[in-house]
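Here is the file target-v3.tsv (TSV, C-alpha atoms).
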chain	number	residue	atom	x	y	z
A	1	MET	CA	0.00	0.00	0.00
A	2	VAL	CA	1.29	3.44	-0.91
A	3	ASP	CA	1.18	6.19	1.72
A	4	THR	CA	-0.68	9.10	0.08
A	5	ARG	CA	-0.40	11.46	3.01
A	6	ILE	CA	1.51	14.65	2.36
A	7	SER	CA	3.88	15.73	5.06
A	8	TYR	CA	3.54	19.13	6.66
A	9	GLU	CA	6.89	20.10	5.13
A	10	ASP	CA	5.77	19.09	1.61
A	11	ARG	CA	2.46	20.93	2.00
A	12	SER	CA	4.24	24.01	3.29
A	13	GLN	CA	6.63	23.89	0.32
A	14	GLN	CA	3.70	23.59	-2.09
A	15	ASP	CA	1.96	26.56	-0.45
A	16	LEU	CA	5.13	28.64	-0.72
A	17	LYS	CA	5.56	27.76	-4.41
A	18	ALA	CA	1.93	28.61	-5.12
A	19	ALA	CA	2.26	31.93	-3.29
A	20	TYR	CA	5.45	32.73	-5.17
A	21	ARG	CA	3.76	31.98	-8.51
A	22	ILE	CA	0.94	34.37	-7.57
A	23	ALA	CA	3.41	37.08	-6.55
A	24	ALA	CA	5.45	36.56	-9.73
A	25	LEU	CA	2.30	36.76	-11.86
A	26	ILE	CA	1.27	40.01	-10.16
A	27	GLY	CA	4.77	41.37	-10.81
A	28	ALA	CA	4.68	40.30	-14.46
A	29	VAL	CA	1.33	42.04	-14.96
A	30	MET	CA	2.68	45.20	-13.33
A	31	ILE	CA	5.73	45.09	-15.60
A	32	LEU	CA	3.41	44.62	-18.57
A	33	SER	CA	1.55	47.75	-17.48
A	34	LEU	CA	4.75	49.75	-18.11
A	35	PHE	CA	4.59	48.73	-21.76
A	36	ILE	CA	0.92	49.68	-21.88
A	37	TYR	CA	1.95	53.12	-20.60
A	38	ALA	CA	4.55	53.23	-23.37
A	39	ALA	CA	1.84	52.45	-25.93
A	40	VAL	CA	-0.24	55.31	-24.52
A	41	VAL	CA	2.74	57.66	-24.80
A	42	GLU	CA	3.34	56.58	-28.40
A	43	PHE	CA	-0.34	56.95	-29.23
A	44	PHE	CA	-0.48	60.53	-27.93
A	45	ARG	CA	3.08	61.53	-28.81
A	46	ASP	CA	2.16	63.31	-32.04
A	47	ASP	CA	-1.21	64.63	-30.90
A	48	PRO	CA	-0.67	68.38	-30.47
A	49	SER	CA	-3.67	68.74	-28.17
A	50	ILE	CA	-2.31	66.12	-25.71
A	51	ALA	CA	1.48	66.11	-26.01
A	52	LYS	CA	2.08	69.81	-25.65
A	53	PRO	CA	3.87	71.58	-22.84
A	54	ARG	CA	1.42	72.68	-20.19
A	55	MET	CA	4.06	74.24	-17.96
A	56	ALA	CA	7.06	76.47	-18.43
A	57	ALA	CA	10.31	74.70	-19.33
A	58	GLU	CA	11.92	75.83	-16.06
A	59	THR	CA	9.05	74.39	-14.03
A	60	MET	CA	9.26	71.11	-15.94
A	61	GLU	CA	12.97	70.91	-15.27
A	62	ILE	CA	12.41	71.45	-11.55
A	63	MET	CA	9.71	68.75	-11.57
A	64	ARG	CA	11.95	66.36	-13.49
A	65	TYR	CA	14.82	66.73	-11.03
A	66	THR	CA	12.49	66.59	-8.05
A	67	LEU	CA	10.96	63.35	-9.31
A	68	LEU	CA	14.42	61.94	-10.01
A	69	GLY	CA	15.27	62.71	-6.38
A	70	VAL	CA	12.08	61.04	-5.19
A	71	THR	CA	12.99	58.06	-7.38
A	72	ALA	CA	16.41	57.79	-5.72
A	73	VAL	CA	14.76	57.84	-2.30
A	74	LEU	CA	12.25	55.19	-3.44
A	75	PHE	CA	15.09	52.94	-4.56
A	76	PHE	CA	16.41	52.76	-1.01
A	77	ALA	CA	12.93	52.75	0.55
A	78	ALA	CA	11.92	49.74	-1.56
A	79	GLY	CA	15.00	47.85	-0.39
A	80	TYR	CA	14.33	48.75	3.23
A	81	LEU	CA	10.66	47.77	3.03
A	82	GLN	CA	11.49	44.51	1.32
A	83	LYS	CA	13.93	43.64	4.12
A	84	LEU	CA	11.26	44.50	6.69
A	85	PHE	CA	8.75	42.19	5.06
A	86	LEU	CA	11.31	39.41	4.63
A	87	SER	CA	12.28	39.67	8.27
A	88	GLY	CA	8.66	39.67	9.40
A	89	LYS	CA	9.05	42.95	11.30
A	90	ALA	CA	6.72	44.91	9.00
A	91	ALA	CA	3.56	43.00	9.86
A	92	ARG	CA	2.94	40.62	12.72
A	93	GLN	CA	-0.48	39.52	11.47
A	94	GLY	CA	-0.83	36.68	9.01
A	95	SER	CA	1.44	33.88	7.96
A	96	ALA	CA	4.96	34.29	6.67
A	97	VAL	CA	3.71	33.54	3.16
A	98	GLN	CA	1.10	36.31	3.37
A	99	ARG	CA	3.77	38.75	4.54
A	100	LEU	CA	6.02	37.74	1.64
A	101	ILE	CA	3.24	38.35	-0.89
A	102	THR	CA	2.38	41.68	0.72
A	103	GLY	CA	6.02	42.71	0.67
A	104	ALA	CA	6.31	41.78	-3.00
A	105	VAL	CA	3.22	43.77	-3.96
A	106	VAL	CA	4.40	46.81	-1.98
A	107	SER	CA	7.77	46.60	-3.77
A	108	TYR	CA	6.00	46.30	-7.14
A	109	ALA	CA	3.91	49.38	-6.38
A	110	LEU	CA	7.02	51.40	-5.61
A	111	CYS	CA	8.70	50.12	-8.77
A	112	GLU	CA	5.70	50.99	-10.93
A	113	SER	CA	5.26	54.42	-9.38
A	114	VAL	CA	8.53	55.50	-11.00
A	115	ALA	CA	7.08	54.91	-14.48
A	116	ILE	CA	3.94	56.78	-13.47
A	117	TYR	CA	6.12	59.80	-12.65
A	118	GLY	CA	7.38	59.68	-16.22
A	119	LEU	CA	3.85	59.39	-17.56
A	120	ILE	CA	2.85	62.46	-15.57
A	121	LEU	CA	5.86	64.36	-16.87
A	122	PHE	CA	4.96	63.36	-20.43
A	123	PHE	CA	1.41	64.67	-20.11
A	124	LEU	CA	2.57	67.88	-18.46
A	125	GLY	CA	5.61	68.61	-20.59
A	126	GLY	CA	4.99	66.77	-23.86
A	127	GLN	CA	8.42	65.10	-23.87
A	128	ALA	CA	8.27	61.34	-24.52
A	129	MET	CA	11.87	60.98	-23.33
A	130	ASP	CA	10.75	61.97	-19.83
A	131	PHE	CA	8.50	58.94	-19.78
A	132	TYR	CA	11.12	56.60	-21.26
A	133	LEU	CA	13.75	57.71	-18.75
A	134	PHE	CA	11.46	56.92	-15.83
A	135	MET	CA	10.21	53.72	-17.47
A	136	GLY	CA	13.81	52.54	-17.76
A	137	LEU	CA	14.43	53.33	-14.11
A	138	SER	CA	11.24	51.50	-13.22
A	139	LEU	CA	12.40	48.41	-15.10
A	140	VAL	CA	15.71	48.55	-13.21
A	141	PHE	CA	13.74	48.72	-9.95
A	142	PHE	CA	11.76	45.64	-10.98
A	143	LEU	CA	14.96	43.82	-11.90
A	144	VAL	CA	16.53	44.60	-8.52
A	145	TYR	CA	13.46	44.08	-6.31
A	146	PHE	CA	11.62	41.24	-8.04
A	147	PRO	CA	11.37	38.56	-5.34
A	148	ARG	CA	13.62	35.52	-5.57
A	149	TYR	CA	12.15	32.18	-4.64
A	150	ALA	CA	15.34	31.06	-2.88
A	151	LYS	CA	15.14	34.10	-0.61
A	152	TRP	CA	11.50	33.32	0.21
A	153	GLU	CA	12.46	29.72	1.05
A	154	GLU	CA	15.28	30.90	3.28
A	155	THR	CA	12.97	33.37	5.04
A	156	VAL	CA	10.35	30.71	5.77
A	157	LYS	CA	12.98	28.26	7.04
A	158	GLU	CA	14.43	30.91	9.36
A	159	GLY	CA	10.93	31.68	10.62
A	160	ARG	CA	10.35	28.01	11.41
A	161	LYS	CA	13.64	27.80	13.28
A	162	LYS	CA	12.74	30.85	15.36
A	163	ALA	CA	9.28	29.45	16.08
A	164	ALA	CA	10.72	26.10	17.10
A	165	GLY	CA	13.25	27.85	19.34
A	166	ALA	CA	10.49	29.93	20.97
A	167	LYS	CA	8.40	26.80	21.67
A	168	GLY	CA	11.38	25.07	23.23
A	169	LYS	CA	11.80	27.81	25.86
Please rewrite the model in this file as structure tokens.
Amino acid sequence: MVDTRISYEDRSQQDLKAAYRIAALIGAVMILSLFIYAAVVEFFRDDPSIAKPRMAAETMEIMRYTLLGVTAVLFFAAGYLQKLFLSGKAARQGSAVQRLITGAVVSYALCESVAIYGLILFFLGGQAMDFYLFMGLSLVFFLVYFPRYAKWEETVKEGRKKAAGAKGK
């Protein structure tokens, strides 16, 4: 007779893989949205009623540099928040897997926001290169902060060790 029971460890591993697939799918869709924004920019690029400067060049330059500064801060904030979620310090409620998904989605939102800054600059200043600069930065953010399954596995294993240690006391 074959034992068809699944061990707790196997079930936990399956749950983690399923959660990671969901998080990766959400990330892929958010990355795809950047290319949809690019299509919007290309569609309106030559439309003089849409892609025209709505602000003075000096004001646009100040906005551009301000948003580049915000982007630099977001780069470090995304890394910090991701470490918080991986460590479990960001949210005590929910399982480790739920915290990992939440951390991934928060990171994705910060990554995507950079491209949205470029989209805003495009609609205010009429320069497609503003959008493409911020889209490129956004893609770099996604590359750096896209969750790695091995890191998730390591985080869950560390959490189990800490929980086992706390029960033993």
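Considering all atoms listed in the file, the residue among A:Met135, A:Leu81, A:Leu32, A:Lys151 positioned nearest to Val105 (chain A) is A:Leu81.
With distances restricted to all atoms listed in the file, A:Gly125 is the closest residue to Glu58 (chain A) from A:Pro147, A:Ser113, A:Gly125, A:Ala96.
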What does the distance between CA of Ser87 (chain A) and CA of Ala24 (chain A) come to in Å, to one decimal place?
-> 19.5 Å
Counting all atoms listed in the file, write as a PyMOL selection string all protein and nucleic acid residues lying at most 12 Å from (2.2, 38.8, -4.5) in the file's frame.
-> chain A and resi 16-30+97-109+146-149+152
Go ahead and compute the interatomic distance for CA of Thr59 (chain A) and CA of Leu119 (chain A), in Å to one decimal.
-> 16.3 Å
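Between CA of Ala77 (chain A) and CA of Phe35 (chain A) the interatomic distance comes to 24.2 Å.
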